[in-house]
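Trainee: Please find one structure pasted underneath; my questions will follow.
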Amino acid sequence: SQKTIMARRYDSSTTTFSPEGRLHQVEYAIEAINNAGTCVGILASDGIVMASERRVTSGLLAPAKTSEKTYKLSGHAACNVAGLTADANILIDRVRLRAGQYQYQYQEPIPMEQLVEYVCDYKQYFTQFGGLRPFGVAFLFAGYDEHYGFQLYQSDPSGNYSGWKATVIGANNQAGKSLLKSEYKKTEGTGGDDEGKIPTVQEALQLAVKVLNKTMDGTAASVEKMELFTLTRKDNKKDCVHHILTESEAQAVVDAVAAEAASSGDS
């Protein structure tokens, strides 16, 4: 079609706008993320939950020594990765270095949004100069700072970022977001104390598993195919507690979701 021919004329460069005002290479990079393993982020009243789909490509692969989806960035920040892990490693190294430099210079942790903006500025650089390709990776950033408490951000290959109460990146993210929209309960427009409606970490873990059940292809998600992570604070210490759930802890969450589904099916 005429539109496809038009796109083909402008899609070889990240730096050239098409007549419709689009950057096709950047859009293709974002499209690559939409085929990556799903990641879910949920802001809870007492922390943040991130859940991700583990795609096992071969039974012969040696098990990874550290997580390939969840990365600690500093004492108060972590991220989930969807897309090309090799691209993500470059950005994660830069973020860790920046967090350490800020801590050394100012003797306090870097505010969360500053850290996110720093890496997104670098991503954007790769969409504006010739001979470069965008990073084929999207992130969910989870963190805590004394200014705004717990925060959840999402970023994509264009360098855009946004703050969320709950979101999904990767495969079938639209289906996941629509489930979150109906399930993530928060009283809107009361003007009063509406904290009570935000889920706790435990409730958020169950909601995250429900989302993965919906987004992952095939039957219900098993613990081998998912990774659950929580970021919480202990005794008001500056550093947060980063915890990837063990197989038994994750199984307990999956069982609780299955029991709830069974009981609601009976009623």
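Here's how to read the names in the structure tokens: chain A, B, ... by the order shown, residue numbers from 1 in each chain, ligand numbers from 1 in the order shown.
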Residues of range 207-262 of chain A in helix (DSSP H, G or I) according to DSSP, as a count of residues only?

Mentor: 28

Trainee: Just want the 9 Å neighbourhood of range 71-73 of chain A, counted on only C-alpha atoms, with same-chain residues fewer than 2 positions away dropped. Output as a list in words.

Mentor: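 The residues satisfying every condition are Thr66, Ser67, Glu68, Lys69, Gly75, His76, Ala77, Ala78, Cys79, Asn80, Val81, Ile92, Asp93, Val95, Arg96, Leu97, Ala99 and His242 of chain A.
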
Trainee: Using DSSP secondary structure from the backbone, list all strand (DSSP E or B) positions within range 21-213 of chain A, as an NGL selection string.

Mentor: :A and (39-44 or 47-53 or 70-74 or 77-83 or 137-145 or 149-155 or 161-163 or 166-169)

Trainee: Give me the range 73-157 of chain A side of the contact with range 34-39 of chain A, cut-off 12 Å, one line per residue showing its nearest atom pair and distance in Å at one decimal, counting only C-alpha atoms, sorted by chain and residue number, as a tab-separated table.

Mentor:
```
residue	atom	partner	partner_atom	distance
A:Cys79	CA	A:Cys39	CA	10.3
A:Asn80	CA	A:Cys39	CA	6.9
A:Val81	CA	A:Cys39	CA	7.4
A:Ala82	CA	A:Ala36	CA	5.7
A:Gly83	CA	A:Ala36	CA	5.2
A:Leu84	CA	A:Ala36	CA	8.2
A:Thr85	CA	A:Ala36	CA	10.4
A:Gly136	CA	A:Ala36	CA	10.1
A:Val137	CA	A:Ala36	CA	9.0
A:Ala138	CA	A:Asn34	CA	9.5
A:Phe139	CA	A:Cys39	CA	8.8
A:Leu140	CA	A:Cys39	CA	7.7
A:Phe141	CA	A:Cys39	CA	11.1
A:Gln154	CA	A:Cys39	CA	10.5
A:Asp156	CA	A:Asn34	CA	10.5
A:Pro157	CA	A:Asn34	CA	11.6
```

Trainee: What would the file look like if the residues just selected were written as a PDB file, in the first residue's frame with N, CA and C atoms?

Mentor:
```
ATOM      1  N   CYS A  79      15.156  -2.258  39.283  1.00  0.00           N
ATOM      2  CA  CYS A  79      14.416  -2.181  38.021  1.00  0.00           C
ATOM      3  C   CYS A  79      14.115  -3.566  37.481  1.00  0.00           C
ATOM      4  N   ASN A  80      13.091  -3.608  36.639  1.00  0.00           N
ATOM      5  CA  ASN A  80      12.746  -4.801  35.868  1.00  0.00           C
ATOM      6  C   ASN A  80      12.998  -4.512  34.400  1.00  0.00           C
ATOM      7  N   VAL A  81      13.427  -5.512  33.656  1.00  0.00           N
ATOM      8  CA  VAL A  81      13.846  -5.324  32.268  1.00  0.00           C
ATOM      9  C   VAL A  81      12.942  -6.109  31.329  1.00  0.00           C
ATOM     10  N   ALA A  82      12.492  -5.458  30.256  1.00  0.00           N
ATOM     11  CA  ALA A  82      11.799  -6.162  29.168  1.00  0.00           C
ATOM     12  C   ALA A  82      12.493  -5.787  27.868  1.00  0.00           C
ATOM     13  N   GLY A  83      12.966  -6.778  27.136  1.00  0.00           N
ATOM     14  CA  GLY A  83      13.658  -6.485  25.876  1.00  0.00           C
ATOM     15  C   GLY A  83      15.025  -7.137  25.824  1.00  0.00           C
ATOM     16  N   LEU A  84      15.964  -6.461  25.175  1.00  0.00           N
ATOM     17  CA  LEU A  84      17.304  -7.014  24.982  1.00  0.00           C
ATOM     18  C   LEU A  84      18.145  -6.822  26.250  1.00  0.00           C
ATOM     19  N   THR A  85      18.481  -7.932  26.901  1.00  0.00           N
ATOM     20  CA  THR A  85      19.231  -7.859  28.165  1.00  0.00           C
ATOM     21  C   THR A  85      20.601  -7.216  27.963  1.00  0.00           C
ATOM     22  N   GLY A 136      17.054  -1.307  22.659  1.00  0.00           N
ATOM     23  CA  GLY A 136      15.842  -2.129  22.535  1.00  0.00           C
ATOM     24  C   GLY A 136      15.374  -2.657  23.871  1.00  0.00           C
ATOM     25  N   VAL A 137      15.154  -1.744  24.818  1.00  0.00           N
ATOM     26  CA  VAL A 137      14.786  -2.191  26.163  1.00  0.00           C
ATOM     27  C   VAL A 137      13.852  -1.188  26.840  1.00  0.00           C
ATOM     28  N   ALA A 138      12.884  -1.723  27.565  1.00  0.00           N
ATOM     29  CA  ALA A 138      12.007  -0.899  28.408  1.00  0.00           C
ATOM     30  C   ALA A 138      12.248  -1.308  29.858  1.00  0.00           C
ATOM     31  N   PHE A 139      12.073  -0.367  30.768  1.00  0.00           N
ATOM     32  CA  PHE A 139      12.305  -0.625  32.191  1.00  0.00           C
ATOM     33  C   PHE A 139      11.062  -0.321  33.016  1.00  0.00           C
ATOM     34  N   LEU A 140      10.933  -1.038  34.121  1.00  0.00           N
ATOM     35  CA  LEU A 140      10.107  -0.590  35.241  1.00  0.00           C
ATOM     36  C   LEU A 140      11.079  -0.244  36.362  1.00  0.00           C
ATOM     37  N   PHE A 141      11.034   0.989  36.831  1.00  0.00           N
ATOM     38  CA  PHE A 141      11.899   1.415  37.938  1.00  0.00           C
ATOM     39  C   PHE A 141      11.069   1.486  39.215  1.00  0.00           C
ATOM     40  N   GLN A 154       7.924   3.903  34.450  1.00  0.00           N
ATOM     41  CA  GLN A 154       8.113   3.066  33.261  1.00  0.00           C
ATOM     42  C   GLN A 154       8.848   3.896  32.222  1.00  0.00           C
ATOM     43  N   ASP A 156      10.571   3.737  27.980  1.00  0.00           N
ATOM     44  CA  ASP A 156      10.663   2.961  26.741  1.00  0.00           C
ATOM     45  C   ASP A 156      11.849   3.448  25.896  1.00  0.00           C
ATOM     46  N   PRO A 157      12.132   2.812  24.734  1.00  0.00           N
ATOM     47  CA  PRO A 157      13.331   3.159  23.951  1.00  0.00           C
ATOM     48  C   PRO A 157      13.376   4.601  23.442  1.00  0.00           C
TER      49      PRO A 157
END
```

Trainee: Taking 5 positions as the minimum chain separation for residues in the same chain, which residues sit within 9 Å of Asp121 in chain A when counting only C-alpha atoms? Answer as a VMD selection string.

Mentor: chain A and resid 116 159 to 160

Trainee: Write out as JSON lines the residues of range 151-193 of chain A that have any atom within 12 Å of an atom of range 204-218 of chain A, one row each with the nearest atom pair and its distance in Å to one decimal, counting only C-alpha atoms, sorted by chain and then rising number.

Mentor:
```
{"residue": "A:Lys165", "atom": "CA", "partner": "A:Ala204", "partner_atom": "CA", "distance": 11.1}
{"residue": "A:Ala166", "atom": "CA", "partner": "A:Ala208", "partner_atom": "CA", "distance": 9.5}
{"residue": "A:Thr167", "atom": "CA", "partner": "A:Ala208", "partner_atom": "CA", "distance": 9.9}
{"residue": "A:Val168", "atom": "CA", "partner": "A:Val211", "partner_atom": "CA", "distance": 8.6}
{"residue": "A:Ile169", "atom": "CA", "partner": "A:Thr215", "partner_atom": "CA", "distance": 10.3}
{"residue": "A:Gly170", "atom": "CA", "partner": "A:Thr215", "partner_atom": "CA", "distance": 9.2}
{"residue": "A:Ala171", "atom": "CA", "partner": "A:Thr215", "partner_atom": "CA", "distance": 6.9}
{"residue": "A:Asn172", "atom": "CA", "partner": "A:Thr215", "partner_atom": "CA", "distance": 5.3}
{"residue": "A:Asn173", "atom": "CA", "partner": "A:Thr215", "partner_atom": "CA", "distance": 7.0}
{"residue": "A:Gln174", "atom": "CA", "partner": "A:Thr215", "partner_atom": "CA", "distance": 8.8}
{"residue": "A:Ala175", "atom": "CA", "partner": "A:Thr215", "partner_atom": "CA", "distance": 6.5}
{"residue": "A:Gly176", "atom": "CA", "partner": "A:Val211", "partner_atom": "CA", "distance": 5.4}
{"residue": "A:Lys177", "atom": "CA", "partner": "A:Val211", "partner_atom": "CA", "distance": 8.2}
{"residue": "A:Ser178", "atom": "CA", "partner": "A:Val211", "partner_atom": "CA", "distance": 9.4}
{"residue": "A:Leu179", "atom": "CA", "partner": "A:Val211", "partner_atom": "CA", "distance": 6.7}
{"residue": "A:Leu180", "atom": "CA", "partner": "A:Val211", "partner_atom": "CA", "distance": 7.3}
{"residue": "A:Lys181", "atom": "CA", "partner": "A:Val211", "partner_atom": "CA", "distance": 10.9}
{"residue": "A:Ser182", "atom": "CA", "partner": "A:Leu207", "partner_atom": "CA", "distance": 10.9}
{"residue": "A:Glu183", "atom": "CA", "partner": "A:Leu207", "partner_atom": "CA", "distance": 7.6}
{"residue": "A:Tyr184", "atom": "CA", "partner": "A:Leu207", "partner_atom": "CA", "distance": 8.0}
{"residue": "A:Lys185", "atom": "CA", "partner": "A:Ala204", "partner_atom": "CA", "distance": 10.7}
```

Trainee: Write the residues you've just listed into a file as a compact mmCIF listing (two decimals), in the first residue's frame, and include all heavy atoms for each of them.

Mentor:
```txt
# COMPACT_ATOMS: atom_id res chain seq x y z
N LYS A 165 0.74 4.07 39.10
CA LYS A 165 0.31 3.35 40.30
C LYS A 165 0.47 1.85 40.05
O LYS A 165 0.80 1.09 40.96
CB LYS A 165 -1.17 3.64 40.60
CG LYS A 165 -1.45 5.10 40.94
CD LYS A 165 -2.95 5.33 40.98
CE LYS A 165 -3.25 6.82 41.15
NZ LYS A 165 -4.68 7.12 40.98
N ALA A 166 0.20 1.45 38.81
CA ALA A 166 0.36 0.05 38.41
C ALA A 166 0.44 0.01 36.89
O ALA A 166 -0.30 0.73 36.22
CB ALA A 166 -0.82 -0.79 38.89
N THR A 167 1.34 -0.80 36.35
CA THR A 167 1.47 -0.86 34.89
C THR A 167 2.07 -2.19 34.44
O THR A 167 2.58 -2.96 35.27
CB THR A 167 2.30 0.32 34.35
OG1 THR A 167 2.21 0.35 32.93
CG2 THR A 167 3.76 0.21 34.76
N VAL A 168 2.02 -2.43 33.13
CA VAL A 168 2.55 -3.66 32.53
C VAL A 168 3.35 -3.28 31.29
O VAL A 168 2.92 -2.43 30.51
CB VAL A 168 1.42 -4.62 32.10
CG1 VAL A 168 1.99 -5.95 31.62
CG2 VAL A 168 0.43 -4.85 33.23
N ILE A 169 4.53 -3.90 31.11
CA ILE A 169 5.29 -3.76 29.87
C ILE A 169 5.56 -5.15 29.31
O ILE A 169 5.49 -6.14 30.04
CB ILE A 169 6.62 -2.98 30.06
CG1 ILE A 169 7.51 -3.65 31.12
CG2 ILE A 169 6.38 -1.53 30.40
CD1 ILE A 169 8.90 -3.04 31.27
N GLY A 170 5.86 -5.21 28.02
CA GLY A 170 6.14 -6.50 27.40
C GLY A 170 4.93 -7.07 26.69
O GLY A 170 3.99 -6.34 26.36
N ALA A 171 4.95 -8.38 26.47
CA ALA A 171 3.91 -9.05 25.69
C ALA A 171 2.54 -8.90 26.35
O ALA A 171 2.42 -8.95 27.57
CB ALA A 171 4.26 -10.53 25.53
N ASN A 172 1.52 -8.70 25.54
CA ASN A 172 0.12 -8.60 25.99
C ASN A 172 -0.08 -7.55 27.07
O ASN A 172 -0.90 -7.72 27.97
CB ASN A 172 -0.38 -9.96 26.51
CG ASN A 172 -0.34 -11.03 25.44
OD1 ASN A 172 -0.55 -10.76 24.27
ND2 ASN A 172 -0.03 -12.25 25.84
N ASN A 173 0.68 -6.44 26.99
CA ASN A 173 0.58 -5.44 28.07
C ASN A 173 -0.79 -4.77 28.14
O ASN A 173 -1.22 -4.36 29.21
CB ASN A 173 1.71 -4.41 27.98
CG ASN A 173 1.69 -3.62 26.70
OD1 ASN A 173 0.85 -2.75 26.49
ND2 ASN A 173 2.63 -3.92 25.81
N GLN A 174 -1.49 -4.68 27.00
CA GLN A 174 -2.81 -4.04 27.01
C GLN A 174 -3.81 -4.85 27.83
O GLN A 174 -4.60 -4.30 28.61
CB GLN A 174 -3.33 -3.84 25.58
CG GLN A 174 -2.64 -2.72 24.81
CD GLN A 174 -2.71 -1.37 25.51
OE1 GLN A 174 -3.67 -1.06 26.21
NE2 GLN A 174 -1.68 -0.57 25.35
N ALA A 175 -3.77 -6.18 27.66
CA ALA A 175 -4.66 -7.05 28.44
C ALA A 175 -4.35 -6.94 29.93
O ALA A 175 -5.25 -6.89 30.77
CB ALA A 175 -4.50 -8.50 27.98
N GLY A 176 -3.05 -6.86 30.25
CA GLY A 176 -2.63 -6.72 31.64
C GLY A 176 -3.08 -5.40 32.24
O GLY A 176 -3.57 -5.34 33.38
N LYS A 177 -2.95 -4.32 31.46
CA LYS A 177 -3.35 -2.99 31.96
C LYS A 177 -4.85 -2.91 32.20
O LYS A 177 -5.29 -2.29 33.16
CB LYS A 177 -2.92 -1.91 30.96
CG LYS A 177 -1.45 -1.53 31.06
CD LYS A 177 -1.08 -0.49 30.03
CE LYS A 177 0.41 -0.20 30.05
NZ LYS A 177 0.85 0.61 28.90
N SER A 178 -5.63 -3.54 31.32
CA SER A 178 -7.08 -3.48 31.51
C SER A 178 -7.50 -4.24 32.77
O SER A 178 -8.42 -3.82 33.48
CB SER A 178 -7.83 -4.00 30.28
OG SER A 178 -7.52 -5.36 30.07
N LEU A 179 -6.80 -5.33 33.08
CA LEU A 179 -7.08 -6.05 34.33
C LEU A 179 -6.71 -5.19 35.53
O LEU A 179 -7.48 -5.10 36.50
CB LEU A 179 -6.32 -7.38 34.35
CG LEU A 179 -6.49 -8.23 35.61
CD1 LEU A 179 -7.92 -8.74 35.73
CD2 LEU A 179 -5.53 -9.40 35.65
N LEU A 180 -5.54 -4.55 35.46
CA LEU A 180 -5.11 -3.69 36.57
C LEU A 180 -6.09 -2.54 36.80
O LEU A 180 -6.38 -2.15 37.92
CB LEU A 180 -3.71 -3.11 36.28
CG LEU A 180 -2.53 -4.06 36.49
CD1 LEU A 180 -1.24 -3.39 36.04
CD2 LEU A 180 -2.41 -4.48 37.95
N LYS A 181 -6.60 -1.99 35.69
CA LYS A 181 -7.53 -0.85 35.79
C LYS A 181 -8.77 -1.22 36.60
O LYS A 181 -9.27 -0.42 37.39
CB LYS A 181 -7.93 -0.41 34.38
CG LYS A 181 -8.29 1.06 34.29
CD LYS A 181 -8.60 1.49 32.85
CE LYS A 181 -7.35 1.89 32.12
NZ LYS A 181 -7.64 2.45 30.78
N SER A 182 -9.24 -2.45 36.40
CA SER A 182 -10.45 -2.87 37.12
C SER A 182 -10.14 -3.39 38.53
O SER A 182 -10.96 -3.28 39.43
CB SER A 182 -11.19 -3.94 36.32
OG SER A 182 -10.35 -5.05 36.11
N GLU A 183 -8.92 -3.92 38.73
CA GLU A 183 -8.61 -4.59 40.01
C GLU A 183 -7.88 -3.70 41.01
O GLU A 183 -7.96 -3.92 42.21
CB GLU A 183 -7.78 -5.85 39.76
CG GLU A 183 -8.49 -6.93 38.98
CD GLU A 183 -9.31 -7.85 39.87
OE1 GLU A 183 -9.00 -7.96 41.06
OE2 GLU A 183 -10.27 -8.45 39.37
N TYR A 184 -7.09 -2.72 40.49
CA TYR A 184 -6.31 -1.89 41.41
C TYR A 184 -7.24 -0.84 42.01
O TYR A 184 -7.56 0.15 41.37
CB TYR A 184 -5.15 -1.22 40.65
CG TYR A 184 -4.21 -0.43 41.54
CD1 TYR A 184 -3.10 -1.02 42.13
CD2 TYR A 184 -4.42 0.93 41.80
CE1 TYR A 184 -2.23 -0.31 42.93
CE2 TYR A 184 -3.56 1.65 42.61
CZ TYR A 184 -2.47 1.03 43.17
OH TYR A 184 -1.61 1.74 43.98
N LYS A 185 -7.68 -1.08 43.23
CA LYS A 185 -8.72 -0.23 43.82
C LYS A 185 -8.09 0.94 44.57
O LYS A 185 -7.24 0.77 45.41
CB LYS A 185 -9.59 -1.05 44.77
CG LYS A 185 -10.37 -2.15 44.05
CD LYS A 185 -11.25 -2.91 45.02
CE LYS A 185 -12.02 -4.00 44.31
NZ LYS A 185 -11.19 -5.10 43.84
```

Trainee: Closest to Val254 in chain A among A:Gln124, A:Asn236, A:Ser222, A:Thr200, using only C-alpha atoms?

Mentor: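 For Val254 in chain A, the nearest of the candidates is A:Ser222.
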
Trainee: Using only C-alpha atoms, determine which residues lie at most 8 Å from range 13-19 of chain A, disregarding the query and same-chain residues fewer than 4 positions distant; provide the list as a list in words.

Mentor: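 These residues fall inside the cut-off: Met6, Ala7, Leu23, His24, Gln25, Val26, Thr127, Gln128, Phe129, Gly130, Leu132, Arg133 and Pro134 of chain A.
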
Trainee: Ranking A:Leu43, A:Gln105, A:Glu224, A:Phe126 by minimum distance to Leu245 in chain A and counting only C-alpha atoms, which one comes first?

Mentor: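 Result for the nearest residue to Leu245 in chain A: A:Glu224.
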
Trainee: For CA of Asp255 in chain A and CA of Tyr153 in chain A, determine how far apart the two atoms are, in Å to one decimal place.

Mentor: 28.9 Å

Trainee: Given the choices A:Gly265, A:Phe135, A:Pro63, A:Ala250, which gets closest to Ile30 in chain A if the distance is worked out from only C-alpha atoms?

Mentor: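 Ranking A:Gly265, A:Phe135, A:Pro63, A:Ala250 by distance to Ile30 in chain A, first place goes to A:Phe135.
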
Trainee: Using only C-alpha atoms, find the one residue out of A:Ser263, A:Ile198, A:Ser58, A:Ile244 that sits nearest to Leu231 in chain A.

Mentor: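 Checking each of A:Ser263, A:Ile198, A:Ser58, A:Ile244 against Leu231 in chain A, counting only C-alpha atoms, the winner is A:Ile244.
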